[in-house]
Structure formats: C-alpha cells, structure tokens
Amino acid sequence: MLIDISRPIHSAMAIYPGNPGVELLQIQKAGVEQSGLTAISLGSHTGTHIDALSHINASNSGIESFSLDQYVGDCEVVEIPPDVAVITSAHIPETGSKRIIFKTANSNFSVDEFRADFTALDESAAEKIAQLGIVLVGLDALSIKKKGIKDRVHEILLTHNIVIVEGLYLPDIQPGPYQLMCLPLSIPGIDGVPARAVLSSYEN
C-alpha cells in the first residue's frame, strides 16, 4: 500500500512568508466542444517541495543536479519528541538507510496554517547527516532550518549533494523503515520544485 505524504495544493494552503500564494484559474470548463483547462500559479517552494543548490547561491546548479536514484529507495522515518523545537546531532540515529525523514511536533498542526515556531534542524544535525552518507533528508515543515536564524543548514546539506524535501505531511505515519518515492517536476535550472512523495511500508 502506498501512503501519500504530500501536502495537497490549493489556494488557501499555508505558504512560507514572502513566498507567492497559489492561484488556480479555470480558463475553460469541459463541455461538448472543449476540454477543461486551468492556469496554475505557485512558488517553487510551495507545499511538499525539493530545494536545489541555486536556492542558496544563484550561480549554483538547479534541481537537475540530483540523481533520480536519490529520490527512490529505502527510508527511515524518525519521530522526534514533541517537546523538541530544534533537531540537533543528538537526535540523529545511526541508521543504515540512505534516506531519513523527521516526524516532529509540526505534524500535530494543520498544514494549512503557517506557524513561525516550527521544529527544524540546526547545523550540528546537518553535519551529522552528511557524515552518515545520507542522500535525502525530509521534514514536516516548510523549511528545514529555523525561521529567523542565520545558519548554514541548507548550505551544509546541499553542498554534500543531499536532497532536501520540505513540507511533508506525516500525521498518520509511524516511525520505522519504509520505501520512499519522491519525484520532482522536471524543470532544469530551477531553485526548488514541488514534488509528490509517497511511502510504502515493508509490513504490507
């Protein structure tokens, strides 16, 4: 069984402050002599999305720099205690998986409401993930770093060629091993892009 862990995209969804909102404009309605057509406008970091190196440095590469193999394969979901606001190296398990997803207190709140106090990683956590040889890291917040804090979390992960998946939807996901499939839209050169992410449990 596949479990969708993507945030639904709609016009009233939560958006990171400063990012453009979602607009879904029906151009024409399906009828006898015409097909349905909708214009979609959204930011590159809307909902469940992937960051590229050009997100932190305009001269760096876009989303195409990651191998498709990084997005698909074994994954461990790690649950962080709800009283933890900052994920540090002490919270990173010695996992044999190449992909790791963090379920935090963020999953206790509506994905359609932005909370500035969301749980995120610090630099020590990013360094530990890089040391473990992880190829993908995901989080149930719209950013993997704390809001309002200047740090190198994105830089540490992206310069180690680690895929960052932000905005996951994990309220019903139990910790443990899974298979992950998380494919981005193919838009070369872009700094970030929405993705559809699903988990498959080994127990099914």
# chains A, B, ... in the order shown; residues from 1 in each chain; ligands from 1

$ residues_around --residues "His49 in chain A" --least-positions-apart "2" --cutoff "12 Å" --atoms "only C-alpha atoms" --output "ChimeraX atom specification"
/A:5-9,15-16,42-47,51-52,63,137-144,163-169,182-185,190-197

$ write_last_selection --atoms "C-alpha atoms" --output "mmCIF file, in the first residue's frame"
data_model
loop_
_atom_site.group_PDB
_atom_site.id
_atom_site.type_symbol
_atom_site.label_atom_id
_atom_site.label_comp_id
_atom_site.auth_asym_id
_atom_site.auth_seq_id
_atom_site.Cartn_x
_atom_site.Cartn_y
_atom_site.Cartn_z
ATOM 1 C CA ILE A 5 2.882 12.172 2.443
ATOM 2 C CA SER A 6 2.492 15.212 0.181
ATOM 3 C CA ARG A 7 0.632 18.382 1.128
ATOM 4 C CA PRO A 8 -2.460 18.993 -1.026
ATOM 5 C CA ILE A 9 -2.014 22.107 -3.183
ATOM 6 C CA ILE A 15 2.728 29.391 2.373
ATOM 7 C CA TYR A 16 6.120 30.341 3.827
ATOM 8 C CA LEU A 42 2.588 28.930 -7.465
ATOM 9 C CA GLY A 43 6.032 29.435 -5.982
ATOM 10 C CA SER A 44 8.866 26.983 -6.488
ATOM 11 C CA HIS A 45 8.855 26.195 -2.745
ATOM 12 C CA THR A 46 5.135 25.532 -2.397
ATOM 13 C CA GLY A 47 3.854 22.655 -0.267
ATOM 14 C CA ASP A 51 15.461 22.566 -2.692
ATOM 15 C CA ALA A 52 18.330 22.929 -5.163
ATOM 16 C CA ILE A 63 17.236 20.666 -9.379
ATOM 17 C CA VAL A 137 16.532 14.237 4.223
ATOM 18 C CA GLY A 138 12.917 15.270 4.711
ATOM 19 C CA LEU A 139 10.968 17.264 7.294
ATOM 20 C CA ASP A 140 7.321 18.069 8.065
ATOM 21 C CA ALA A 141 7.906 21.854 7.930
ATOM 22 C CA LEU A 142 8.111 24.320 5.039
ATOM 23 C CA SER A 143 11.790 24.893 5.816
ATOM 24 C CA ILE A 144 14.476 22.593 7.156
ATOM 25 C CA VAL A 163 18.293 16.173 -1.384
ATOM 26 C CA ILE A 164 16.200 18.352 0.940
ATOM 27 C CA VAL A 165 12.472 17.591 0.979
ATOM 28 C CA GLU A 166 10.435 20.175 2.880
ATOM 29 C CA GLY A 167 6.724 20.392 3.603
ATOM 30 C CA LEU A 168 5.995 16.694 4.147
ATOM 31 C CA TYR A 169 2.639 15.595 5.597
ATOM 32 C CA CYS A 182 9.564 11.348 -4.125
ATOM 33 C CA LEU A 183 9.890 12.683 -7.661
ATOM 34 C CA PRO A 184 10.223 16.390 -8.509
ATOM 35 C CA LEU A 185 8.805 18.117 -11.560
ATOM 36 C CA ILE A 190 15.091 25.978 -11.013
ATOM 37 C CA ASP A 191 15.957 26.693 -7.334
ATOM 38 C CA GLY A 192 13.222 24.444 -5.974
ATOM 39 C CA VAL A 193 10.239 22.498 -7.202
ATOM 40 C CA PRO A 194 7.070 20.828 -5.868
ATOM 41 C CA ALA A 195 7.157 17.042 -5.573
ATOM 42 C CA ARG A 196 4.809 14.131 -4.923
ATOM 43 C CA ALA A 197 6.066 11.947 -2.094
#

$ residues_around --residues "range 119-122 of chain A" --least-positions-apart "3" --cutoff "6 Å" --atoms "only C-alpha atoms" --output "MDAnalysis selection string"
chainID A and resid 85:88 125 144:146

$ write_last_selection --atoms "N, CA and C atoms" --output "mmCIF file, in the first residue's frame"
data_model
loop_
_atom_site.group_PDB
_atom_site.id
_atom_site.type_symbol
_atom_site.label_atom_id
_atom_site.label_comp_id
_atom_site.auth_asym_id
_atom_site.auth_seq_id
_atom_site.Cartn_x
_atom_site.Cartn_y
_atom_site.Cartn_z
ATOM 1 N N ALA A 85 12.208 21.533 19.912
ATOM 2 C CA ALA A 85 11.996 22.605 18.938
ATOM 3 C C ALA A 85 13.120 22.685 17.922
ATOM 4 N N VAL A 86 14.301 22.170 18.311
ATOM 5 C CA VAL A 86 15.460 22.198 17.422
ATOM 6 C C VAL A 86 16.076 20.804 17.366
ATOM 7 N N ILE A 87 16.174 20.246 16.188
ATOM 8 C CA ILE A 87 16.783 18.928 15.997
ATOM 9 C C ILE A 87 18.296 19.104 15.901
ATOM 10 N N THR A 88 19.018 18.468 16.816
ATOM 11 C CA THR A 88 20.474 18.549 16.851
ATOM 12 C C THR A 88 21.083 17.203 16.475
ATOM 13 N N ALA A 125 23.028 18.970 13.351
ATOM 14 C CA ALA A 125 22.239 17.891 12.757
ATOM 15 C C ALA A 125 22.589 17.724 11.287
ATOM 16 N N ILE A 144 13.707 23.527 6.333
ATOM 17 C CA ILE A 144 14.476 22.593 7.156
ATOM 18 C C ILE A 144 15.292 23.330 8.215
ATOM 19 N N LYS A 145 15.341 24.658 8.129
ATOM 20 C CA LYS A 145 16.046 25.467 9.127
ATOM 21 C C LYS A 145 15.047 26.346 9.872
ATOM 22 N N LYS A 146 15.406 26.740 11.082
ATOM 23 C CA LYS A 146 14.533 27.573 11.901
ATOM 24 C C LYS A 146 14.332 28.949 11.264
#

$ select_by_dssp --residues "range 10-190 of chain A" --states "strand (DSSP E or B)" --output "PyMOL selection string"
chain A and resi 23-28+37-41+49-51+72-79+86-87+99-103+120-121+136-139+145+163-166+176-184

$ atom_distance --atom1 "CA of Glu64 in chain A" --atom2 "CA of Thr159 in chain A"
14.3 Å

$ select_by_dssp --residues "range 3-198 of chain A" --states "helix (DSSP H, G or I)" --output "ChimeraX atom specification"
/A:53-55,63-65,68-71,89-91,105-108,123-131,153-159

$ closest_residue --among "A:Pro17, A:Ile162, A:Thr38, A:Leu170" --to "Lys147 in chain A" --atoms "only C-alpha atoms"
A:Pro17

$ atom_distance --atom1 "CA of Ile134 in chain A" --atom2 "CA of Ile92 in chain A"
11.2 Å

$ closest_residue --among "A:Leu25, A:Leu136, A:Leu199, A:Ile80" --to "Ser67 in chain A" --atoms "only C-alpha atoms"
A:Leu136

$ residues_around --residues "Gly36 in chain A" --least-positions-apart "4" --cutoff "12 Å" --atoms "only C-alpha atoms" --output "PyMOL selection string"
chain A and resi 25-32

$ closest_residue --among "A:Ile101, A:Leu180, A:Ile187, A:Ile56" --to "Ser200 in chain A" --atoms "only C-alpha atoms"
A:Leu180

$ residues_around --residues "Gln179 in chain A" --least-positions-apart "5" --cutoff "9 Å" --atoms "only C-alpha atoms" --output "PyMOL selection string"
chain A and resi 72-76+198-202

$ atom_distance --atom1 "CA of Phe114 in chain A" --atom2 "CA of Gly148 in chain A"
14.2 Å

$ residues_around --residues "Ala12 in chain A" --least-positions-apart "2" --cutoff "9 Å" --atoms "only C-alpha atoms" --output "ChimeraX atom specification"
/A:9-10,14-15,21-22,112

$ write_last_selection --atoms "C-alpha atoms" --output "mmCIF file, in the first residue's frame"
data_model
loop_
_atom_site.group_PDB
_atom_site.id
_atom_site.type_symbol
_atom_site.label_atom_id
_atom_site.label_comp_id
_atom_site.auth_asym_id
_atom_site.auth_seq_id
_atom_site.Cartn_x
_atom_site.Cartn_y
_atom_site.Cartn_z
ATOM 1 C CA ILE A 9 -2.014 22.107 -3.183
ATOM 2 C CA HIS A 10 -4.893 24.589 -3.071
ATOM 3 C CA ALA A 14 -0.088 27.530 4.129
ATOM 4 C CA ILE A 15 2.728 29.391 2.373
ATOM 5 C CA GLY A 21 0.445 32.143 -2.970
ATOM 6 C CA VAL A 22 -1.317 29.527 -5.057
ATOM 7 C CA ASP A 112 -2.975 24.949 6.078
#
